[in-house]
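Report on the following structure.
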Amino acid sequence: MDIYIRFTLSVIMFLREIDISDETLVTDIVTKDYRTSAIFRKYGIEFCCTGRIPLRKACEMNGLDTEVVKKELYDSTRNIQVSNATDFNDWDIDFLTDYIRNIHHSYLRKNLPEITEILERFTEGHQKQYPRLPALVTAFNHLKKVLLPHLDHEEQVIFPYIKQINHAHRSREPYAALLVRTLRKPVEEMMHKEHEQIRDFLRLSRELTQNYTTPVQACVSHKVCFLKLQELDHELVQHTHLENNILFPKALAMEKELLQAE
């Protein structure tokens with residue numbers, strides 16, 4: 001099965017529309033859809049063990065308009081899907097680089113800080129019960145340290161270079177080979193070195209969380225933490241697939257063809 005289809009199906013399995021009323025308990029809202037936890041964190045509303053109070057009361061206690069919060073909760077649970085029939089391999093390279101930057105890079109920049117807060121907070125209160133958590137925090141912080149400069153490097157150096165050689169290749173410019181020789185960037189190194197670090201983290205994350213499995217008695221924070229990590233896992237798999245299996249091989253093939261055309 002195509003890797004994107006597997007990703008989409010796995011997300012659909014645990015993302016379903018939920019019904020939220022003024023009297024729905026905060027903990028029940030988050031239990032039904034972990035993505036709502038971001039809204040409660042935004043407003044400082046406890047959603048774990050002490051969050052068994054109705055949404056209306058929680059909003060009143062924090063001076064919030066229940067209808068405004070309810071709308072934000074519904075917005076946070078919207079399911080936006082790309083058709084399973086989408087063939088990324090047919091996309092123009094310029095469009096694909098923009099898609100990766102606007103979708104996958106934006107996701108990481110927004111969610112890495114949020115996952116940091118969730119993971120560190122959960123670990124602080126549960127590491128005696130789950131002694132593997134500190135190792136997971138260390139691995140995640142290392143990934144974040146690697147990923148953020150990686151995104152900047154791709155956007156500022158690698159992607160503009162790929163667009164340049166794509167234009168030269170498509171236009172059959174006479175200077176194309178010179179462009180590759182003078183501006184050539186370490187695309188192949190990016191494929192193997194930096195993305196290998198991502199794969200190492202995913203292997204360790206799956207091992208330490210038993211594939212993001214929570215025990216039956218797990219609290220809401222535990223479930224939210226592991227679901228956010230699972231969401232990150234899916235995102236990184238799709239992200240590296242688009243780059244390593246489609247974008248970068250195409251760029252390397254163009255480089256080779258342009259150099260041979262001298």
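Residues in the structure tokens are named by chain (A, B, ... in the order shown) and by number from 1 within that chain; ligands are numbered from 1 in the order shown.
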
Out of range 33-85 of chain A, which residues get alpha helix (DSSP H) from DSSP, as an NGL selection string?
:A and (37-42 or 55-61 or 66-76)

For those residues, write C-alpha atoms to a file as a PDB file, in the first residue's frame.
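As a result, result13.pdb now contains:
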ATOM      1  CA  SER A  37      -5.850  19.723  24.241  1.00  0.00           C
ATOM      2  CA  ALA A  38      -4.038  22.572  22.459  1.00  0.00           C
ATOM      3  CA  ILE A  39      -7.032  24.871  23.019  1.00  0.00           C
ATOM      4  CA  PHE A  40      -7.269  23.999  26.704  1.00  0.00           C
ATOM      5  CA  ARG A  41      -3.528  24.554  27.156  1.00  0.00           C
ATOM      6  CA  LYS A  42      -3.892  27.902  25.401  1.00  0.00           C
ATOM      7  CA  LEU A  55     -16.886  22.989  29.593  1.00  0.00           C
ATOM      8  CA  ARG A  56     -19.218  25.847  30.537  1.00  0.00           C
ATOM      9  CA  LYS A  57     -17.982  25.885  34.130  1.00  0.00           C
ATOM     10  CA  ALA A  58     -14.339  25.681  33.054  1.00  0.00           C
ATOM     11  CA  CYS A  59     -14.860  28.687  30.783  1.00  0.00           C
ATOM     12  CA  GLU A  60     -16.660  30.672  33.481  1.00  0.00           C
ATOM     13  CA  MET A  61     -13.851  29.974  35.951  1.00  0.00           C
ATOM     14  CA  THR A  66     -18.012  29.332  26.103  1.00  0.00           C
ATOM     15  CA  GLU A  67     -19.192  29.736  22.512  1.00  0.00           C
ATOM     16  CA  VAL A  68     -15.837  31.188  21.433  1.00  0.00           C
ATOM     17  CA  VAL A  69     -13.931  28.333  23.070  1.00  0.00           C
ATOM     18  CA  LYS A  70     -16.348  25.785  21.631  1.00  0.00           C
ATOM     19  CA  LYS A  71     -15.755  27.132  18.126  1.00  0.00           C
ATOM     20  CA  GLU A  72     -11.988  26.873  18.604  1.00  0.00           C
ATOM     21  CA  LEU A  73     -12.404  23.305  19.822  1.00  0.00           C
ATOM     22  CA  TYR A  74     -14.401  22.373  16.729  1.00  0.00           C
ATOM     23  CA  ASP A  75     -11.876  24.132  14.487  1.00  0.00           C
ATOM     24  CA  SER A  76      -9.057  22.131  16.083  1.00  0.00           C
TER      25      SER A  76
END

Selection: 10 Å around Phe201 in chain A, only C-alpha atoms, excl. self and same-chain fewer than 6 positions, as a ChimeraX atom specification:
/A:136,139-140,142-143,195,207,233

Restricted to C-alpha atoms, what would the selected residues look like written as a PDB file, in the first residue's frame?
ATOM      1  CA  LEU A 136      12.473   9.779  25.175  1.00  0.00           C
ATOM      2  CA  ALA A 139      15.947  11.821  22.036  1.00  0.00           C
ATOM      3  CA  PHE A 140      13.178  14.274  21.181  1.00  0.00           C
ATOM      4  CA  HIS A 142      18.100  16.069  20.074  1.00  0.00           C
ATOM      5  CA  LEU A 143      15.733  15.657  17.117  1.00  0.00           C
ATOM      6  CA  HIS A 195      17.336  12.094   7.342  1.00  0.00           C
ATOM      7  CA  GLU A 207      10.543   1.341  20.909  1.00  0.00           C
ATOM      8  CA  ASP A 233       5.826  10.072  13.535  1.00  0.00           C
TER       9      ASP A 233
END

Which residues, written as a VMD selection string, have at least one atom at most 6 Å from range 94-100 of chain A, with only C-alpha atoms counted and residues fewer than 3 positions away on the same chain left out?
chain A and resid 103 to 104 163

Kindly export the residues of the current selection with N, CA and C atoms, as a PDB file, in the first residue's frame.
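That gives us out_21.pdb:
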ATOM      1  N   ILE A 103       3.461  22.924   4.085  1.00  0.00           N
ATOM      2  CA  ILE A 103       2.716  21.925   4.850  1.00  0.00           C
ATOM      3  C   ILE A 103       3.591  21.281   5.919  1.00  0.00           C
ATOM      4  N   HIS A 104       4.649  20.628   5.515  1.00  0.00           N
ATOM      5  CA  HIS A 104       5.442  19.846   6.464  1.00  0.00           C
ATOM      6  C   HIS A 104       6.357  20.704   7.336  1.00  0.00           C
ATOM      7  N   LYS A 163      15.144  24.597  -7.423  1.00  0.00           N
ATOM      8  CA  LYS A 163      14.297  25.366  -8.336  1.00  0.00           C
ATOM      9  C   LYS A 163      15.126  25.960  -9.483  1.00  0.00           C
TER      10      LYS A 163
END

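Near range 215-221 of chain A, within 9 Å and counting only C-alpha atoms, sit Thr27, Asp28, Val30, Thr31, Tyr34, Ser37, Phe47, Cys48, Cys49, Ile118, Phe122, Thr213, Lys223, Val224, Cys225 and Phe226 of chain A; same-chain residues fewer than 2 positions away were not included.
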
For the residues in that selection, give me N, CA and C atoms as a short mmCIF file (atom, residue, chain, number, x, y, z; two decimals), in the first residue's frame.
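Result written to part-v2.cif:
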data_model
loop_
_atom_site.label_atom_id
_atom_site.label_comp_id
_atom_site.auth_asym_id
_atom_site.auth_seq_id
_atom_site.Cartn_x
_atom_site.Cartn_y
_atom_site.Cartn_z
N THR A 27 -12.35 16.66 30.29
CA THR A 27 -11.56 15.44 30.08
C THR A 27 -12.16 14.59 28.97
N ASP A 28 -13.47 14.54 28.88
CA ASP A 28 -14.11 13.73 27.84
C ASP A 28 -13.86 14.31 26.45
N VAL A 30 -11.17 15.96 25.46
CA VAL A 30 -9.80 15.63 25.06
C VAL A 30 -9.65 14.14 24.80
N THR A 31 -10.35 13.33 25.59
CA THR A 31 -10.28 11.88 25.38
C THR A 31 -10.81 11.51 24.00
N TYR A 34 -7.64 14.20 20.88
CA TYR A 34 -6.48 14.77 21.57
C TYR A 34 -6.11 16.16 21.07
N SER A 37 -6.70 19.39 23.09
CA SER A 37 -5.85 19.72 24.24
C SER A 37 -5.10 21.03 24.01
N PHE A 47 -7.02 19.64 31.77
CA PHE A 47 -7.85 18.64 31.08
C PHE A 47 -7.55 17.22 31.52
N CYS A 48 -6.61 17.05 32.45
CA CYS A 48 -6.27 15.69 32.86
C CYS A 48 -7.12 15.28 34.06
N CYS A 49 -6.50 14.75 35.07
CA CYS A 49 -7.22 14.13 36.18
C CYS A 49 -8.15 15.09 36.92
N ILE A 118 4.33 19.35 26.12
CA ILE A 118 3.51 18.21 26.53
C ILE A 118 4.38 17.09 27.08
N PHE A 122 4.57 15.91 31.01
CA PHE A 122 4.13 14.55 31.35
C PHE A 122 5.26 13.77 32.01
N THR A 213 1.64 2.98 22.42
CA THR A 213 0.55 2.27 23.11
C THR A 213 0.46 2.73 24.55
N LYS A 223 -2.28 9.87 27.20
CA LYS A 223 -2.83 9.60 25.87
C LYS A 223 -2.53 10.74 24.90
N VAL A 224 -2.68 11.97 25.37
CA VAL A 224 -2.40 13.13 24.53
C VAL A 224 -0.93 13.14 24.11
N CYS A 225 -0.05 12.88 25.08
CA CYS A 225 1.39 12.88 24.80
C CYS A 225 1.74 11.86 23.72
N PHE A 226 1.25 10.65 23.86
CA PHE A 226 1.60 9.59 22.91
C PHE A 226 0.94 9.80 21.55
#

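Counting only C-alpha atoms and comparing A:Glu46, A:Thr24, A:Gln260, A:Asp33, the residue that lies closest to Leu178 in chain A is A:Gln260.
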
To one decimal place, how far is CA of Leu108 in chain A from CA of Gln197 in chain A in Å?
15.5 Å

For CA of Glu154 in chain A and CA of Arg109 in chain A, quote the distance in Å rounded to one decimal.
13.6 Å

What lies within 12 Å of Asn111 in chain A using only C-alpha atoms, ignoring chain neighbours under 6 positions off, as a ChimeraX atom specification?
/A:35,38,103-105,117-119,144,148,228-229,231-232,235

Have a look at A:Glu189, A:Val26, A:Leu242, A:Thr36 and name the one nearest to Ile53 in chain A; count only C-alpha atoms.
A:Val26
